[in-house]
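What follows is one structure encoded as C-alpha cells, with my remarks underneath.
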Amino acid sequence: MPPPATSTLGYTPPDGGWGWVVVFAAFISIGFSYAFPKSLTVFFKEIQEYFDVSYSEIAWLSSVMLASMYAAGPISSILVNRYGSRPVVMVGGLLVGLGMVLASFGTSIIHLYLCVGVIGGFGLAFNLQPALTIIGTYFHAKRPLANGLAMTGSPVVLSTLAPLNQFLFDSFGWRGSFLILGGITLNCCVAGSLMRPVKKTVESKPKEDALELNGPEEAAPVVSTESQSCVERFIDLSLFKHRGFLIYLVGNIVMFFGIFAPIVFLAPYAKHQGIDEYSAALLLSIFALVDMFVRPATGFVGNTKRIRPRIQYFFAFAVSLNGVCHFLCPLLPGYAGLVGYAMIFGVAFGMVCALLFETLMDLVGAQRFSSAVGLVTIIECAPVLLGPPIAGAMLDAFGDYKYMYYTCGVLMLLPGIFFFIMNYYNYKKLDEEQRRKNTAVEMKTAEDSVPLNCNFLAQSPNQNGPHNLAFSVLRTK
C-alpha cells in the first residue's frame, strides 16, 4: 500500500477544495495534449493535395508531433521541478498556438513538420507532464478519482475537436483553420493560470523515510548538491534503480507497440469488410463515447478501499483485457460484431488510460513523479512512433487485418501477465521490507528503554545485589 501522504510529501494534501479546479484545468491540458494530434487528420487530404506529397509524408505530420511530445518529456519535467506547473503549462499553450499560426503560412511540408510537429509537439509536452504532476500535490486519498477525471479530457476534447475541425475546414480551408486553432489552443494558458501551487502545511515532526512501492533500501540516495550534475539536480536518474519503476517501464515499452494501432486501423478494417464509410466512422464514435464514461468510472473504482492498496493488479487486468479483446476482433462476424468489439475496446482502453499515470505515481510517490513521467515518455517515444507503421507493414505483407490484431493482442496480453507476476513479487518484497522495518523499530525502542530501567532499578531500595539487577535487565530485553 502507498505510504501515508504526510510521510512522502511532508504535508497533508487538501484532497479537494481548489484541487477540483486544478483537476478541471488538467482536464483541458491533458485533453489537448492527447486529442489535438489525432484531430488534425481531418486536414490531411487537402494538405496532401496542396503540397503534392505522398501518404507516408503527410502521415509523418502527426507522428512527428506525438514523437516531439514524448521526447520533450524530460525537458518538461526539469522545468516543472524548477519553476512549477503553472508557468510551464502557460508557455506550452503559447508554443502550440504559435506553431499553428506559423503553420498557417506554411510553404512546404517541411515547414509544417517544424511548426506543427516540433514546436506544437513541445508545447503539448509542456501541457501534459505539469498537469499530471500537480494533481499529485493536491490529492492523495482521492488521487485515483482525480486522475481518472483529468484523463477524461482526451476523449471529450477529441469528440469536440473532430466535428469542429471539419466545420472549420469546410468554411475556411486548412490555412484559416490552423490560424483559428492557434487561438483556440491558447485556452491552455488559461488552464495553466488555474494551476496555482498548493498551500503546504509542513509537519513539525522529523520526516521519516517513506516506504514506497520500491522498498526502503532502494530509496533515492541523498547526494550532496556539489557532486550532482545540472541534470541530476532537476531529474531523478536514481529511478533506474527503483524496482517498481523498472517493472512499470519494461511492461509499458512492450505495451505501447500495440496500444494505438488497433484504433488507427479500426475504420479501415471495417471498410475492408465492405461496410460503408459512415458506419465505419461510427465505430470510432462508439469507442470514444464508451471511453469517455469508463475513465472517471475507473478512477472511482480504483479509489475504493479494496482496490487502492493493490491498484497495480487492477492495471494489469486492464492491460490484459485489451489483449483479449484484440484476439476476439477477427472472430466477431459482421458489423454487429465490430460494434461489440468497439464497446469492449472502449472499456479496456479507457481503463488503461485512467490508470496509466496513477499506477506510476503509486509506485514512485508524488515527489518523484515529475522525473518519472519525463523518463517514461522519452523512452516510450520509440514504440509510439514505430507501432502503427509496423502494423501497416504487416498489412502490406499479409494483406489481412487479422494478423495485425493478433499481434497487437500478444503485445498487450504479455505485458498484462508480466505486470501480474512482477507486481506480485514487488508486493511480496514490500511486505518483507515492512516487517523488517517494524522489527528494527521495535528492537531500537526496546534498546532505548533499557538504560532507564537499569537506573531505576539501581536506585530502588527493593533491589539488593547485582544478580537481581541483571535479571531485571534481561527481562526488559
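A note on labels: chains of the C-alpha cells are A, B, ... as shown, every chain counts residues from 1, and ligands are counted from 1 in their shown order.
Summary of the local environment: counting only C-alpha atoms, residues at most 6 Å from Asn127 of chain A, other than itself and those fewer than 6 positions away along its chain, are Ser29, Val89 and Gly92 of chain A.
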Can you tell me which residues surround segment 388-396 of chain A at a distance of at most 8 Å, considering only C-alpha atoms, apart from same-chain residues fewer than 5 positions away, and format the answer as a list in words?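 Counting only C-alpha atoms, the residues come to Phe257, Gly258, Phe260, Ala261, Val264, Tyr401, Tyr403 and Met404 of chain A.
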With all heavy atoms retained, could you export that selection as a compact mmCIF listing (two decimals), in the first residue's frame?
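Done, and the output landed in out_11.txt:
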```
# COMPACT_ATOMS: atom_id res chain seq x y z
N PHE A 257 3.84 -0.64 -28.13
CA PHE A 257 3.96 -1.07 -29.52
C PHE A 257 2.59 -1.50 -30.08
O PHE A 257 2.38 -1.45 -31.29
CB PHE A 257 4.95 -2.23 -29.65
CG PHE A 257 6.37 -1.80 -29.83
CD1 PHE A 257 7.27 -1.87 -28.78
CD2 PHE A 257 6.82 -1.30 -31.04
CE1 PHE A 257 8.60 -1.47 -28.94
CE2 PHE A 257 8.14 -0.89 -31.21
CZ PHE A 257 9.02 -0.97 -30.16
N GLY A 258 1.69 -1.93 -29.21
CA GLY A 258 0.41 -2.44 -29.69
C GLY A 258 -0.82 -1.70 -29.22
O GLY A 258 -1.94 -2.13 -29.49
N PHE A 260 -1.88 1.62 -29.85
CA PHE A 260 -2.54 2.61 -30.71
C PHE A 260 -2.94 2.06 -32.07
O PHE A 260 -3.88 2.57 -32.68
CB PHE A 260 -1.63 3.82 -30.90
CG PHE A 260 -1.45 4.65 -29.66
CD1 PHE A 260 -0.19 4.87 -29.12
CD2 PHE A 260 -2.53 5.22 -29.03
CE1 PHE A 260 -0.02 5.63 -27.97
CE2 PHE A 260 -2.38 5.99 -27.89
CZ PHE A 260 -1.12 6.19 -27.35
N ALA A 261 -2.24 1.05 -32.57
CA ALA A 261 -2.53 0.55 -33.92
C ALA A 261 -3.98 0.08 -34.09
O ALA A 261 -4.59 0.36 -35.13
CB ALA A 261 -1.55 -0.58 -34.27
N VAL A 264 -6.06 3.11 -34.88
CA VAL A 264 -5.76 3.69 -36.19
C VAL A 264 -6.43 2.90 -37.31
O VAL A 264 -6.95 3.47 -38.27
CB VAL A 264 -4.23 3.77 -36.40
CG1 VAL A 264 -3.90 4.22 -37.81
CG2 VAL A 264 -3.60 4.70 -35.37
N TYR A 401 -6.10 -8.16 -42.07
CA TYR A 401 -6.06 -7.40 -40.82
C TYR A 401 -5.95 -8.30 -39.59
O TYR A 401 -5.52 -7.85 -38.53
CB TYR A 401 -7.30 -6.52 -40.68
CG TYR A 401 -7.26 -5.26 -41.52
CD1 TYR A 401 -7.63 -5.28 -42.85
CD2 TYR A 401 -6.86 -4.05 -40.96
CE1 TYR A 401 -7.61 -4.12 -43.62
CE2 TYR A 401 -6.83 -2.89 -41.71
CZ TYR A 401 -7.20 -2.93 -43.04
OH TYR A 401 -7.17 -1.78 -43.81
N TYR A 403 -4.00 -10.72 -38.74
CA TYR A 403 -2.67 -10.93 -38.20
C TYR A 403 -2.19 -9.71 -37.41
O TYR A 403 -1.48 -9.84 -36.41
CB TYR A 403 -1.69 -11.26 -39.32
CG TYR A 403 -2.04 -12.53 -40.07
CD1 TYR A 403 -2.55 -12.48 -41.36
CD2 TYR A 403 -1.88 -13.77 -39.47
CE1 TYR A 403 -2.89 -13.64 -42.04
CE2 TYR A 403 -2.22 -14.94 -40.14
CZ TYR A 403 -2.72 -14.87 -41.42
OH TYR A 403 -3.06 -16.02 -42.09
N MET A 404 -2.58 -8.53 -37.87
CA MET A 404 -2.23 -7.31 -37.14
C MET A 404 -2.92 -7.28 -35.78
O MET A 404 -2.31 -6.95 -34.76
CB MET A 404 -2.61 -6.09 -37.97
CG MET A 404 -2.19 -4.76 -37.35
SD MET A 404 -3.40 -4.03 -36.21
CE MET A 404 -4.76 -3.71 -37.33
```
Long-range neighbours of Ala382 of chain A as number ranges by chain, 10 Å cut-off, only C-alpha atoms, 6 positions minimum in chain: A: 67, 70-71, 253, 256-257
Any chance you can output those residues with all heavy atoms as a CSV table (one decimal), in the first residue's frame?
```csv
chain,number,residue,atom,x,y,z
A,67,ALA,N,5.8,12.3,-31.4
A,67,ALA,CA,7.2,11.9,-31.0
A,67,ALA,C,7.8,13.1,-30.3
A,67,ALA,O,8.5,12.9,-29.3
A,67,ALA,CB,8.0,11.6,-32.2
A,70,TYR,N,6.4,13.3,-26.7
A,70,TYR,CA,7.0,12.3,-25.8
A,70,TYR,C,8.5,12.6,-25.6
A,70,TYR,O,9.0,12.4,-24.4
A,70,TYR,CB,6.8,10.9,-26.4
A,70,TYR,CG,5.5,10.3,-26.1
A,70,TYR,CD1,4.4,10.6,-26.8
A,70,TYR,CD2,5.3,9.4,-25.0
A,70,TYR,CE1,3.1,10.1,-26.5
A,70,TYR,CE2,4.1,8.9,-24.7
A,70,TYR,CZ,3.0,9.2,-25.5
A,70,TYR,OH,1.8,8.7,-25.2
A,71,ALA,N,9.2,13.0,-26.6
A,71,ALA,CA,10.7,13.2,-26.5
A,71,ALA,C,11.0,14.4,-25.6
A,71,ALA,O,12.0,14.5,-24.9
A,71,ALA,CB,11.3,13.5,-27.8
A,253,ILE,N,6.9,-0.4,-22.3
A,253,ILE,CA,7.6,-0.4,-23.6
A,253,ILE,C,7.0,-1.4,-24.6
A,253,ILE,O,6.7,-1.0,-25.7
A,253,ILE,CB,9.1,-0.6,-23.4
A,253,ILE,CG1,9.8,0.5,-22.7
A,253,ILE,CG2,9.8,-0.9,-24.8
A,253,ILE,CD1,11.3,0.3,-22.3
A,256,PHE,N,3.2,-0.3,-25.5
A,256,PHE,CA,3.0,0.8,-26.4
A,256,PHE,C,3.2,0.5,-27.9
A,256,PHE,O,2.8,1.2,-28.7
A,256,PHE,CB,3.8,2.0,-25.9
A,256,PHE,CG,3.1,2.9,-25.0
A,256,PHE,CD1,2.9,2.6,-23.7
A,256,PHE,CD2,2.6,4.1,-25.5
A,256,PHE,CE1,2.2,3.4,-22.8
A,256,PHE,CE2,1.9,5.0,-24.6
A,256,PHE,CZ,1.7,4.6,-23.3
A,257,PHE,N,3.8,-0.6,-28.1
A,257,PHE,CA,4.0,-1.1,-29.5
A,257,PHE,C,2.6,-1.5,-30.1
A,257,PHE,O,2.4,-1.4,-31.3
A,257,PHE,CB,5.0,-2.2,-29.6
A,257,PHE,CG,6.4,-1.8,-29.8
A,257,PHE,CD1,7.3,-1.9,-28.8
A,257,PHE,CD2,6.8,-1.3,-31.0
A,257,PHE,CE1,8.6,-1.5,-28.9
A,257,PHE,CE2,8.1,-0.9,-31.2
A,257,PHE,CZ,9.0,-1.0,-30.2
```
Please indicate the distance in Å from atom CA of Leu128 of chain A to atom CA of Ser193 of chain A, rounded to one decimal place.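 Computing it gives 14.7 Å between the two atoms.
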Got a sec: who's within 12 Å of Val347 of chain A, counting only C-alpha atoms, leaving out chain neighbours fewer than 5 positions off, as a PyMOL selection string? chain A and resi 286-298+317-319+321-322+325+340-342+352-354
Using only C-alpha atoms: which of A:Phe51, A:Phe300, A:Trp20, A:Phe105 has the shortest distance to Gly176 of chain A: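 Result for the nearest residue to Gly176 of chain A: A:Phe105.
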Skipping near chain neighbours, those fewer than 4 positions away, what residues fall within 9 Å of Leu102 of chain A using only C-alpha atoms, listed as an NGL selection string? :A and (97-98 or 106 or 111-112 or 115-116 or 178-179 or 182)
Near-Glu46 of chain A list (10 Å; only C-alpha atoms; drop same-chain fewer than 6 positions) as number ranges by chain: A: 52, 169, 173-174
Since we have the selection now, will you write its residues out, keeping all heavy atoms, as an mmCIF file, in the first residue's frame?
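Wrote it out as again-v6.cif, contents follow:
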```cif
data_model
loop_
_atom_site.group_PDB
_atom_site.id
_atom_site.type_symbol
_atom_site.label_atom_id
_atom_site.label_comp_id
_atom_site.auth_asym_id
_atom_site.auth_seq_id
_atom_site.Cartn_x
_atom_site.Cartn_y
_atom_site.Cartn_z
ATOM 1 N N ASP A 52 1.307 18.303 -52.837
ATOM 2 C CA ASP A 52 1.614 17.190 -53.734
ATOM 3 C C ASP A 52 2.631 16.241 -53.098
ATOM 4 O O ASP A 52 3.724 15.990 -53.618
ATOM 5 C CB ASP A 52 2.154 17.711 -55.074
ATOM 6 C CG ASP A 52 2.232 16.612 -56.137
ATOM 7 O OD1 ASP A 52 1.513 15.602 -55.977
ATOM 8 O OD2 ASP A 52 3.027 16.751 -57.081
ATOM 9 N N PHE A 169 -12.726 23.456 -41.584
ATOM 10 C CA PHE A 169 -12.157 23.093 -42.877
ATOM 11 C C PHE A 169 -13.120 23.451 -44.013
ATOM 12 O O PHE A 169 -12.716 24.011 -45.045
ATOM 13 C CB PHE A 169 -11.834 21.602 -42.893
ATOM 14 C CG PHE A 169 -11.459 21.077 -44.243
ATOM 15 C CD1 PHE A 169 -10.246 21.382 -44.816
ATOM 16 C CD2 PHE A 169 -12.337 20.270 -44.958
ATOM 17 C CE1 PHE A 169 -9.896 20.905 -46.063
ATOM 18 C CE2 PHE A 169 -11.992 19.778 -46.199
ATOM 19 C CZ PHE A 169 -10.772 20.089 -46.750
ATOM 20 N N GLY A 173 -10.941 26.466 -45.054
ATOM 21 C CA GLY A 173 -9.794 25.754 -45.591
ATOM 22 C C GLY A 173 -8.792 25.440 -44.493
ATOM 23 O O GLY A 173 -8.959 25.839 -43.337
ATOM 24 N N TRP A 174 -7.689 24.753 -44.871
ATOM 25 C CA TRP A 174 -6.768 24.330 -43.818
ATOM 26 C C TRP A 174 -5.945 25.489 -43.257
ATOM 27 O O TRP A 174 -5.620 25.512 -42.065
ATOM 28 C CB TRP A 174 -5.854 23.215 -44.332
ATOM 29 C CG TRP A 174 -4.826 23.609 -45.348
ATOM 30 C CD1 TRP A 174 -4.976 23.600 -46.700
ATOM 31 C CD2 TRP A 174 -3.496 24.072 -45.086
ATOM 32 N NE1 TRP A 174 -3.823 24.024 -47.311
ATOM 33 C CE2 TRP A 174 -2.892 24.312 -46.348
ATOM 34 C CE3 TRP A 174 -2.741 24.303 -43.948
ATOM 35 C CZ2 TRP A 174 -1.583 24.782 -46.479
ATOM 36 C CZ3 TRP A 174 -1.446 24.755 -44.075
ATOM 37 C CH2 TRP A 174 -0.870 24.989 -45.311
#
```
Give me, as a VMD selection string, all polymer residues having an atom no more than 12 Å from Leu249 of chain A, counting only C-alpha atoms and skipping those fewer than 2 positions away in the same chain. chain A and resid 239 to 247 251 to 256 356 to 357 359 to 360 363 to 364 372 to 380 415 418 to 419 422
List every residue of segment 222-346 of chain A that DSSP, applied to the backbone of this structure, places in helix (DSSP H, G or I), and write the result as a ChimeraX atom specification. /A:225-227,230-234,237-241,243-258,261-264,266-272,277-302,308-331,334-346
Straight-line distance linking atom CA of His326 of chain A with atom CA of Pro37 of chain A, stated in Å to one decimal: 24.0 Å
Counting only C-alpha atoms, which of A:Tyr427, A:Lys444, A:Lys402, A:Ala267 gets nearest to Leu283 of chain A?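 Among A:Tyr427, A:Lys444, A:Lys402, A:Ala267, it is A:Ala267 that comes nearest to Leu283 of chain A.
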